[in-house]
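Enquirer: To be precise about what I am sending: the file is called structure-v9.txt and holds compact mmCIF, C-alpha atoms and all ligand atoms.
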```txt
# COMPACT_ATOMS: atom_id res chain seq x y z
CA MET A 24 49.37 -159.83 24.88
CA ASN A 25 49.26 -156.30 26.29
CA SER A 26 52.08 -154.87 28.36
CA GLY A 27 53.27 -151.49 29.58
CA ASN A 28 53.89 -148.89 32.26
CA ILE A 29 51.07 -147.22 34.13
CA SER A 30 51.95 -144.16 36.21
CA ILE A 31 49.72 -143.37 39.19
CA ILE A 32 49.87 -139.64 39.81
CA GLY A 33 48.07 -136.86 41.69
CA LYS A 34 48.38 -134.39 44.54
CA PRO A 35 49.43 -135.74 47.99
CA ASN A 36 47.17 -137.93 50.14
CA VAL A 37 44.50 -138.82 47.55
CA GLY A 38 45.25 -142.56 47.90
CA LYS A 39 47.76 -143.26 45.10
CA SER A 40 49.77 -145.76 47.16
CA THR A 41 46.64 -147.47 48.49
CA LEU A 42 45.47 -147.87 44.88
CA PHE A 43 48.90 -149.14 43.79
CA ASN A 44 48.90 -151.79 46.56
CA SER A 45 45.31 -152.81 45.72
CA LEU A 46 46.17 -153.16 42.03
CA ILE A 47 49.22 -155.37 42.58
CA LYS A 48 47.63 -157.16 45.57
CA LYS A 49 50.74 -156.62 47.72
CA HIS A 50 51.81 -154.11 50.32
CA LEU A 51 54.79 -152.54 48.55
CA ALA A 52 54.11 -148.82 49.03
CA GLY A 53 53.61 -147.01 52.34
CA GLU A 54 50.03 -145.86 52.96
CA THR A 55 49.35 -143.37 55.75
CA ASN A 56 46.94 -140.55 56.52
CA LYS A 57 49.76 -138.01 56.29
CA PRO A 58 50.69 -136.22 53.05
CA GLN A 59 54.05 -136.82 51.37
CA THR A 60 54.33 -140.41 52.55
CA THR A 61 55.75 -141.52 49.19
CA ARG A 62 59.22 -140.18 48.46
CA HIS A 63 60.29 -142.35 45.53
CA LYS A 64 58.79 -143.80 42.40
CA ILE A 65 57.96 -147.43 43.21
CA ASP A 66 57.15 -149.98 40.54
CA GLY A 67 55.24 -153.20 40.92
CA VAL A 68 54.52 -155.86 38.31
CA LEU A 69 51.23 -157.70 37.97
CA TYR A 70 50.64 -160.56 35.51
CA GLU A 71 47.03 -161.34 34.76
CA LYS A 72 46.00 -163.67 31.98
CA ASP A 73 47.38 -162.09 28.82
CA THR A 74 48.34 -158.76 30.37
CA GLU A 75 51.49 -157.54 32.08
CA PHE A 76 51.01 -154.35 34.08
CA LEU A 77 53.97 -152.37 35.42
CA PHE A 78 52.36 -149.96 37.86
CA VAL A 79 54.41 -146.99 39.08
CA ASP A 80 53.42 -145.26 42.32
CA THR A 81 54.75 -141.70 42.55
CA PRO A 82 55.25 -138.99 45.20
CA GLY A 83 52.31 -136.58 45.50
CA ILE A 84 52.82 -133.57 43.24
CA ASN A 85 53.16 -130.64 45.63
CA PHE A 86 53.00 -127.05 44.49
CA ASN A 87 54.69 -125.59 47.53
CA ILE A 88 57.96 -125.63 45.62
CA ARG A 89 59.70 -123.16 47.87
CA LYS A 90 61.02 -126.25 49.56
CA ASN A 91 63.86 -127.88 47.63
CA PHE A 92 62.72 -131.30 48.74
CA ASN A 93 59.28 -130.84 47.15
CA ARG A 94 61.00 -129.92 43.91
CA ILE A 95 62.89 -133.25 43.97
CA LEU A 96 59.64 -135.15 44.64
CA ASN A 97 57.80 -133.36 41.82
CA LYS A 98 60.60 -134.09 39.38
CA SER A 99 60.40 -137.77 40.30
CA ALA A 100 56.58 -137.83 39.83
CA LEU A 101 56.59 -135.87 36.57
CA SER A 102 59.35 -138.03 35.06
CA ALA A 103 57.13 -141.09 35.62
CA ILE A 104 54.43 -139.50 33.47
CA TYR A 105 56.68 -139.35 30.41
CA GLU A 106 57.87 -142.94 30.87
CA SER A 107 54.32 -144.32 30.96
CA ASP A 108 51.96 -145.87 28.42
CA VAL A 109 48.90 -144.95 30.47
CA ILE A 110 48.49 -142.16 33.06
CA VAL A 111 46.16 -142.80 35.99
CA HIS A 112 45.32 -139.48 37.67
CA VAL A 113 43.86 -139.96 41.15
CA ILE A 114 41.67 -137.38 42.91
CA ASN A 115 39.37 -137.45 45.94
CA TYR A 116 35.92 -138.19 44.46
CA TYR A 117 34.30 -135.28 46.31
CA GLU A 118 36.37 -132.39 44.94
CA ILE A 119 38.59 -131.08 42.18
CA ASP A 120 40.54 -128.33 43.85
CA SER A 121 43.21 -125.93 42.60
CA ASP A 122 46.02 -128.43 43.26
CA ASP A 123 44.20 -131.07 41.16
CA HIS A 124 43.83 -128.44 38.42
CA LYS A 125 47.58 -127.80 38.51
CA VAL A 126 48.20 -131.52 37.99
CA ILE A 127 45.72 -131.43 35.08
CA GLU A 128 47.67 -128.55 33.53
CA ASN A 129 50.81 -130.69 33.69
CA ILE A 130 49.26 -133.58 31.76
CA ARG A 131 46.73 -131.81 29.52
CA SER A 132 48.92 -131.71 26.42
CA VAL A 133 50.84 -134.96 27.05
CA GLU A 134 49.90 -137.38 24.30
CA ILE A 135 49.52 -140.48 26.45
CA PRO A 136 46.13 -142.10 27.25
CA LYS A 137 44.74 -140.89 30.57
CA ILE A 138 42.26 -142.19 33.12
CA LEU A 139 40.72 -140.01 35.82
CA VAL A 140 40.14 -142.00 39.01
CA LEU A 141 37.68 -140.63 41.57
CA ASN A 142 38.86 -142.35 44.73
CA LYS A 143 37.39 -142.91 48.21
CA VAL A 144 33.78 -143.37 47.05
CA ASP A 145 33.22 -145.57 50.12
CA LEU A 146 32.98 -142.28 52.06
CA ASP A 147 29.77 -141.55 50.13
CA LYS A 148 27.85 -143.80 52.51
CA LYS A 149 24.41 -143.50 50.99
CA SER A 150 25.63 -143.08 47.39
CA VAL A 151 23.97 -139.68 47.17
CA LYS A 152 26.86 -137.43 46.19
CA LEU A 153 28.59 -139.51 43.53
CA PRO A 154 25.90 -139.52 40.82
CA LYS A 155 25.65 -135.71 41.06
CA ILE A 156 29.41 -135.31 40.91
CA LEU A 157 29.73 -137.61 37.90
CA SER A 158 27.02 -135.83 35.97
CA SER A 159 28.40 -132.38 36.73
CA LEU A 160 32.07 -132.94 35.82
CA PRO A 161 33.04 -130.02 33.56
CA LYS A 162 33.55 -130.87 29.89
CA GLU A 163 36.96 -129.20 29.77
CA ILE A 164 38.06 -131.85 32.26
CA THR A 165 36.36 -134.96 30.92
CA THR A 166 37.62 -134.32 27.38
CA ILE A 167 41.22 -134.64 28.59
CA TYR A 168 40.67 -138.19 29.79
CA ASP A 169 39.96 -141.37 27.84
CA GLU A 170 38.05 -142.76 30.82
CA VAL A 171 36.60 -141.54 34.12
CA ILE A 172 35.96 -144.10 36.87
CA PRO A 173 34.87 -143.93 40.52
CA ILE A 174 36.60 -146.44 42.83
CA SER A 175 37.47 -147.20 46.42
CA SER A 176 41.10 -148.28 46.75
CA LYS A 177 40.61 -149.11 50.39
CA LYS A 178 37.54 -151.32 49.88
CA TYR A 179 38.76 -152.74 46.52
CA SER A 180 35.64 -151.56 44.74
CA ASN A 181 35.81 -151.19 40.95
CA ILE A 182 39.51 -152.17 40.92
CA SER A 183 38.91 -155.00 38.42
CA ARG A 184 36.97 -152.64 36.18
CA LEU A 185 39.85 -150.15 36.33
CA LYS A 186 42.26 -152.90 35.27
CA ILE A 187 40.06 -153.69 32.26
CA LEU A 188 40.10 -150.02 31.22
CA ILE A 189 43.88 -149.84 31.61
CA LYS A 190 44.38 -153.06 29.63
CA LYS A 191 42.45 -151.62 26.67
CA LEU A 192 44.85 -148.66 26.56
CA LEU A 193 48.10 -150.65 26.89
CA PRO A 194 50.21 -151.40 23.80
CA GLU A 195 50.34 -154.89 22.36
CA THR A 196 53.61 -156.78 22.79
CA SER A 197 54.77 -160.13 21.53
CA LYS A 198 56.35 -161.24 24.84
CA PRO A 199 56.46 -160.20 28.52
CA LEU A 200 58.88 -157.39 29.36
CA TYR A 201 59.45 -158.10 33.06
CA GLU A 202 59.43 -161.84 33.44
CA ASN A 203 59.08 -163.19 36.98
CA ILE A 204 59.80 -160.11 39.03
CA ILE A 205 57.68 -158.30 41.62
CA SER A 206 59.49 -154.98 41.24
CA ASN A 207 62.61 -153.44 39.74
CA LYS A 208 63.40 -151.97 43.18
CA PRO A 209 65.79 -154.04 45.33
CA GLN A 210 64.37 -155.89 48.35
CA ASP A 211 66.23 -153.74 50.89
CA PHE A 212 64.46 -150.64 49.51
CA PHE A 213 61.14 -152.07 50.71
CA ILE A 214 62.51 -152.97 54.15
CA ALA A 215 63.68 -149.35 54.62
CA GLU A 216 60.26 -148.16 53.42
CA TYR A 217 58.41 -150.39 55.94
CA ILE A 218 60.48 -148.86 58.74
CA ARG A 219 59.79 -145.33 57.45
CA GLU A 220 56.07 -146.11 57.05
CA ALA A 221 55.95 -147.32 60.67
CA CYS A 222 57.63 -144.08 61.80
CA ILE A 223 55.05 -141.98 59.91
CA LYS A 224 52.19 -144.06 61.31
CA PHE A 225 53.27 -144.12 64.93
CA LEU A 226 55.11 -140.81 65.45
CA SER A 227 53.93 -137.19 65.50
CA LEU A 228 53.30 -135.40 62.22
CA GLU A 229 56.40 -133.29 61.73
CA LEU A 230 58.89 -135.90 62.83
CA PRO A 231 58.66 -138.39 59.95
CA TYR A 232 59.59 -135.76 57.38
CA SER A 233 62.82 -135.14 59.21
CA LEU A 234 64.00 -138.72 59.17
CA HIS A 235 65.56 -141.13 56.73
CA VAL A 236 66.10 -144.91 56.83
CA GLU A 237 68.95 -146.98 55.42
CA VAL A 238 69.44 -150.73 55.35
CA ASN A 239 73.05 -151.45 56.31
CA THR A 240 73.28 -155.24 55.97
CA PHE A 241 70.99 -157.82 54.37
CA ASN A 242 71.98 -161.46 54.79
CA GLU A 243 69.70 -164.05 53.29
CA GLU A 244 69.98 -167.66 54.42
CA GLU A 245 67.77 -170.60 53.62
CA GLU A 246 65.18 -169.96 56.33
CA LEU A 247 66.12 -166.57 57.79
CA VAL A 248 66.96 -163.08 56.57
CA SER A 249 69.07 -160.99 59.00
CA ILE A 250 68.84 -157.26 58.44
CA THR A 251 70.46 -154.30 60.20
CA SER A 252 69.27 -150.77 59.50
CA THR A 253 69.58 -147.19 60.74
CA ILE A 254 67.01 -144.44 61.25
CA PHE A 255 68.73 -141.04 60.76
CA LEU A 256 67.21 -138.07 62.58
CA SER A 257 67.71 -134.35 61.91
CA LYS A 258 67.03 -133.32 65.53
CA LYS A 259 68.75 -134.62 68.65
CA SER A 260 65.55 -134.22 70.67
CA HIS A 261 63.85 -136.77 68.39
CA LEU A 262 66.11 -139.59 69.60
CA SER A 263 64.12 -140.22 72.77
CA ILE A 264 60.78 -139.99 70.88
CA VAL A 265 61.77 -142.63 68.33
CA VAL A 266 63.21 -144.96 70.97
CA GLY A 267 60.29 -144.38 73.38
CA LYS A 268 59.93 -145.27 77.05
CA GLY A 269 62.17 -148.24 77.76
CA GLY A 270 62.58 -148.73 74.00
CA SER A 271 58.84 -149.35 73.54
CA MET A 272 58.40 -147.20 70.39
CA LEU A 273 61.35 -148.79 68.65
CA VAL A 274 59.91 -152.24 69.46
CA LYS A 275 56.57 -151.17 67.88
CA ILE A 276 58.27 -149.80 64.74
CA SER A 277 60.46 -152.87 64.47
CA LYS A 278 57.52 -155.27 64.83
CA TYR A 279 55.50 -153.52 62.09
CA ALA A 280 58.48 -153.52 59.71
CA ARG A 281 59.39 -157.12 60.50
CA ILE A 282 55.88 -158.50 59.88
CA ASN A 283 55.67 -156.73 56.50
CA SER A 284 59.21 -157.81 55.56
CA GLU A 285 58.38 -161.44 56.36
CA LYS A 286 55.31 -161.25 54.11
CA LEU A 287 57.38 -159.78 51.28
CA LEU A 288 60.36 -162.14 51.60
CA GLY A 289 58.39 -165.26 52.54
CA LYS A 290 60.91 -166.08 55.29
CA LYS A 291 61.55 -165.36 58.97
CA VAL A 292 63.24 -162.00 59.42
CA PHE A 293 65.58 -160.85 62.16
CA LEU A 294 65.55 -157.04 62.10
CA LYS A 295 67.88 -154.81 64.12
CA ILE A 296 67.25 -151.05 63.97
CA HIS A 297 69.78 -148.43 65.14
CA VAL A 298 68.78 -144.79 65.67
CA LYS A 299 71.27 -142.02 64.92
CA TYR A 300 71.30 -138.23 65.05
CA ASP A 301 72.63 -136.85 61.74
CA PRO A 302 71.28 -133.45 60.63
CA LYS A 303 73.00 -133.83 57.26
CA TRP A 304 71.22 -137.00 56.08
CA LYS A 305 69.70 -135.15 53.11
CA ASP A 306 73.25 -134.64 51.79
CA THR A 307 74.34 -138.26 52.16
CA LYS A 308 75.34 -140.19 49.05
CA TYR A 309 72.91 -142.99 49.87
CA PHE A 310 69.98 -140.57 49.97
CA LEU A 311 70.95 -138.52 46.92
CA ASN A 312 71.76 -141.63 44.85
CA SER A 313 68.29 -142.94 45.59
CA TYR A 314 66.96 -140.25 43.21
CA ASN A 315 69.21 -141.21 40.27
N1 LIG B 1 38.04 -143.96 52.90
C1 LIG B 1 39.04 -144.17 52.05
N2 LIG B 1 40.29 -143.79 52.39
C2 LIG B 1 41.29 -144.03 51.50
C3 LIG B 1 41.07 -144.66 50.24
N3 LIG B 1 42.24 -144.73 49.59
C4 LIG B 1 43.17 -144.20 50.42
N4 LIG B 1 42.60 -143.78 51.56
C5 LIG B 1 43.27 -143.15 52.73
O1 LIG B 1 43.85 -141.93 52.33
C6 LIG B 1 45.07 -141.71 53.04
C7 LIG B 1 46.19 -141.46 52.05
O2 LIG B 1 46.47 -142.65 51.35
P1 LIG B 1 47.85 -142.88 50.57
O3 LIG B 1 47.65 -144.08 49.72
O4 LIG B 1 49.01 -142.86 51.50
O5 LIG B 1 47.87 -141.54 49.68
P2 LIG B 1 48.96 -141.05 48.62
O6 LIG B 1 48.21 -140.34 47.55
O7 LIG B 1 49.84 -142.16 48.22
O8 LIG B 1 49.76 -139.98 49.51
P3 LIG B 1 51.27 -139.40 49.25
O9 LIG B 1 52.20 -140.54 49.05
O10 LIG B 1 51.54 -138.68 50.55
O11 LIG B 1 51.17 -138.48 48.09
C8 LIG B 1 45.28 -142.95 53.91
O12 LIG B 1 44.80 -142.68 55.21
C9 LIG B 1 44.42 -144.01 53.23
O13 LIG B 1 43.97 -145.01 54.12
C10 LIG B 1 39.72 -145.06 49.93
O14 LIG B 1 39.42 -145.61 48.88
N5 LIG B 1 38.77 -144.77 50.87
MG MG B 2 51.87 -142.41 48.45
```
Is it possible to give me this structure as structure tokens?
Expert:
Amino acid sequence: MNSGNISIIGKPNVGKSTLFNSLIKKHLAGETNKPQTTRHKIDGVLYEKDTEFLFVDTPGINFNIRKNFNRILNKSALSAIYESDVIVHVINYYEIDSDDHKVIENIRSVEIPKILVLNKVDLDKKSVKLPKILSSLPKEITTIYDEVIPISSKKYSNISRLKILIKKLLPETSKPLYENIISNKPQDFFIAEYIREACIKFLSLELPYSLHVEVNTFNEEEELVSITSTIFLSKKSHLSIVVGKGGSMLVKISKYARINSEKLLGKKVFLKIHVKYDPKWKDTKYFLNSYN
């Protein structure tokens, strides 16, 4: 059989998490139209016939490294590259800009098989642009990659073909490495991520980057999982925005997170969310330990 780690990398917002979720056929990673949605490496295991894929979604590599936080995210993404057996580099199909080139510079001399994925081809409604783009890809780029493939993560097109290409590049192993698990991340990590994803989806752009979510208690019974969690905010004025008129925003966030949690856990979920003002959440042990 073939088995190994596949890192999914690229600049922010190109669709890495959407691709990751499409590959593993589960909603594990947050997908939104705002950059820097992913903050942690997230792994997901897929078993298919005689292949075991361990896909790793990573934070978008961001070259505005004046911000300390971006530096932490980049370190997390770049470390995934070195731990992988295959690198999947995702770009928007319609452009290779300077930020994509910077990612290319980071992987150019890494001796691990690489696939260039041109994502979002569904936007090319009449299929006019793609053939031109494929035929005009510069040689200095295509020679870096073992394979180049256009896909649409959102519409699931060419995903099976991508899996075949990955499989060919994975090492052979005598037995499975990750028997019977969905992910190496604990279940409460995903619950916190669903809440954060809902915040990014439903709240204004700058607010989600100034918040953090922790799961405080997680009690699993036979038919019900009871979870309490806290959203930490850096600004006092954000409290009323997150809670909303008569609590309406918090109800919306809670509903989104609960539905996704129930799908993941396969049980009814009771989810209680507290909201707290704490400008120092980036210094908390819980947050910092999450990068170890
Ligand atoms: N039309 C189209 N949109 C897509 C496709 N894949 C992803 N998107 C959209 O692109 C946006 C970004 O998707 P994400 O999966 O969150 O991107 P990401 O690269 O993980 O972003 P970061 O985690 O912020 O680095 C979302 O609005 C997705 O719905 C696709 O194949 N087609
Ligand atoms: Mg992402």
Enquirer: Taking only C-alpha atoms and all ligand atoms and a cut-off of 9 Å, can you tell me which residues surround ligand MG 2 (chain B), written as a list in words?
Expert: Pro35, Asn36, Val37, Gly38, Lys39, Ser40, Thr41, Phe43, Ala52, Gly53, Glu54, Thr55, Pro58, Gln59, Thr60, Thr61, Arg62, His63, Asp80, Thr81, Pro82 and Gly83 of chain A
Enquirer: Please measure the separation of atom CA of A:Ser176 and atom CA of A:Leu42, giving the value in Å to one decimal.
Expert: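 Atom-to-atom, atom CA of A:Ser176 and atom CA of A:Leu42 are spaced 4.8 Å apart.
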Enquirer: Please check which residues have atoms at most 9 Å from (36.7, -137.6, 45.9) in the file's coordinates, counting only C-alpha atoms, and write them as a list in words.
Expert: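 The residues that fall inside the cut-off are Val37, Val113, Ile114, Asn115, Tyr116, Tyr117, Glu118, Ile119, Val140, Leu141, Asn142, Lys143, Val144, Leu146, Leu153 and Pro173 of chain A.
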Enquirer: Once you have the residues from the selection above, write them out as an mmCIF file, in the coordinates of the input, restricted to C-alpha atoms.
Expert:
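Writing done, so here's again.cif:
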```cif
data_model
loop_
_atom_site.group_PDB
_atom_site.id
_atom_site.type_symbol
_atom_site.label_atom_id
_atom_site.label_comp_id
_atom_site.auth_asym_id
_atom_site.auth_seq_id
_atom_site.Cartn_x
_atom_site.Cartn_y
_atom_site.Cartn_z
ATOM 1 C CA VAL A 37 44.500 -138.820 47.550
ATOM 2 C CA VAL A 113 43.860 -139.960 41.150
ATOM 3 C CA ILE A 114 41.670 -137.380 42.910
ATOM 4 C CA ASN A 115 39.370 -137.450 45.940
ATOM 5 C CA TYR A 116 35.920 -138.190 44.460
ATOM 6 C CA TYR A 117 34.300 -135.280 46.310
ATOM 7 C CA GLU A 118 36.370 -132.390 44.940
ATOM 8 C CA ILE A 119 38.590 -131.080 42.180
ATOM 9 C CA VAL A 140 40.140 -142.000 39.010
ATOM 10 C CA LEU A 141 37.680 -140.630 41.570
ATOM 11 C CA ASN A 142 38.860 -142.350 44.730
ATOM 12 C CA LYS A 143 37.390 -142.910 48.210
ATOM 13 C CA VAL A 144 33.780 -143.370 47.050
ATOM 14 C CA LEU A 146 32.980 -142.280 52.060
ATOM 15 C CA LEU A 153 28.590 -139.510 43.530
ATOM 16 C CA PRO A 173 34.870 -143.930 40.520
#
```
Enquirer: Could you please determine the separation between atom CA of A:Leu294 and atom CA of A:Glu244 in Å, to one decimal place?
Expert: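 Distance reported for this atom pair: 13.8 Å.
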Enquirer: Between atom CA of A:Glu163 and atom CA of A:Glu134, what is the distance, to one decimal in Å?
Expert: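 We find that atom CA of A:Glu163 and atom CA of A:Glu134 lie 16.3 Å from each other.
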Enquirer: What are the centre and the three edge lengths of an axis-aligned box that wraps all atoms of stretch 171-186 of chain A in the file, given that 6 Å is added to every side, written as lines of an AutoDock Vina configuration file and rounded to one decimal in Å?
Expert:
```
center_x = 38.6
center_y = -148.3
center_z = 42.3
size_x = 19.4
size_y = 25.5
size_z = 28.3
```
Enquirer: Using all atoms listed in the file, which of A:Asn181, A:Ser150, A:Asn129, A:Asn87 sits nearest ligand LIG 1 (chain B)?
Expert: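 Comparing A:Asn181, A:Ser150, A:Asn129, A:Asn87 against ligand LIG 1 (chain B), the winner is A:Asn181.
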Enquirer: Taking into account only C-alpha atoms, which residue in the set A:Ser30, A:Ser271, A:Asn91, A:Ser257 is nearest to A:Ile130?
Expert: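 The answer is A:Ser30, which sits nearest to A:Ile130.
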Enquirer: Excluding A:Asn242 and residues on its chain fewer than 6 positions from it, collect all residues at most 10 Å away from it, counting only C-alpha atoms, and give them as a ChimeraX atom specification.
Expert: /A:248-251,292-293
Enquirer: Anything within 8 Å of (49.8, -162.2, 27.8): list those residues as an MDAnalysis selection string, counting only C-alpha atoms and sticking to the file's coordinates.
Expert: chainID A and resid 24:26 70:75 198:199
Enquirer: As a list in words, please: the residues near A:Tyr201 (cut-off 9 Å, only C-alpha atoms, same-chain neighbours under 3 positions excluded).
Expert: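 Close residues of A:Tyr201: Val68, Glu75, Leu77, Ile204, Ile205, Ser206 and Asn207 of chain A.
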Enquirer: Write out, as an mmCIF file, keeping the file's coordinate frame, the residues just selected, with C-alpha atoms.
Expert:
```cif
data_model
loop_
_atom_site.group_PDB
_atom_site.id
_atom_site.type_symbol
_atom_site.label_atom_id
_atom_site.label_comp_id
_atom_site.auth_asym_id
_atom_site.auth_seq_id
_atom_site.Cartn_x
_atom_site.Cartn_y
_atom_site.Cartn_z
ATOM 1 C CA VAL A 68 54.520 -155.860 38.310
ATOM 2 C CA GLU A 75 51.490 -157.540 32.080
ATOM 3 C CA LEU A 77 53.970 -152.370 35.420
ATOM 4 C CA ILE A 204 59.800 -160.110 39.030
ATOM 5 C CA ILE A 205 57.680 -158.300 41.620
ATOM 6 C CA SER A 206 59.490 -154.980 41.240
ATOM 7 C CA ASN A 207 62.610 -153.440 39.740
#
```
Enquirer: Need to verify the contact set: A:Leu288, 10 Å, only C-alpha atoms, exclusion of same-chain residues closer than 3 positions in sequence. Can you return it as a ChimeraX atom specification?
Expert: /A:210,214,243,247-248,283-285,291-292
Enquirer: Of the residues A:Val236, A:Ile84, A:Ile65, A:Ile182, which is the one nearest to ligand LIG 1 (chain B), using only C-alpha atoms and all ligand atoms?
Expert: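 Result for the nearest residue to ligand LIG 1 (chain B): A:Ile84.
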Enquirer: Here is a test: counting only C-alpha atoms and all ligand atoms, which residue of A:Ile164, A:Ser107, A:Ile172, A:Tyr179 is nearest to ligand LIG 1 (chain B)?
Expert: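 When distances to ligand LIG 1 (chain B) are compared using only C-alpha atoms and all ligand atoms, the smallest one comes from A:Tyr179.
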Enquirer: Skipping near chain neighbours, those fewer than 5 positions away, what residues fall within 10 Å of A:Lys49 using all atoms listed in the file, listed as a list in words?
Expert: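 Non-adjacent residues within range: Phe43, Asn44, Gly67, Leu69, Ile205, Lys286 and Leu287 of chain A.
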Enquirer: Please tabulate, as a tab-separated table, the residues of stretch 270-310 of chain A that come within 10 Å of stretch 216-225 of chain A, each with its closest pair of atoms and the distance in Å to one decimal, counting only C-alpha atoms and ordering rows by chain, then residue number upward.
Expert:
```
residue	atom	partner	partner_atom	distance
A:Met272	CA	A:Phe225	CA	8.1
A:Leu273	CA	A:Cys222	CA	9.1
A:Lys275	CA	A:Ala221	CA	8.2
A:Ile276	CA	A:Ala221	CA	5.3
A:Ser277	CA	A:Ile218	CA	7.0
A:Lys278	CA	A:Ala221	CA	9.1
A:Tyr279	CA	A:Ala221	CA	6.4
A:Ala280	CA	A:Tyr217	CA	4.9
A:Arg281	CA	A:Tyr217	CA	8.2
A:Ile282	CA	A:Tyr217	CA	9.4
A:Asn283	CA	A:Tyr217	CA	6.9
A:Ser284	CA	A:Tyr217	CA	7.5
A:Ile296	CA	A:Ile218	CA	8.8
```
Enquirer: For a quick check of understanding, using all atoms listed in the file, which of A:Val79, A:Leu139, A:Ile31, A:Val126 has the smallest distance to A:Leu51?
Expert: A:Val79
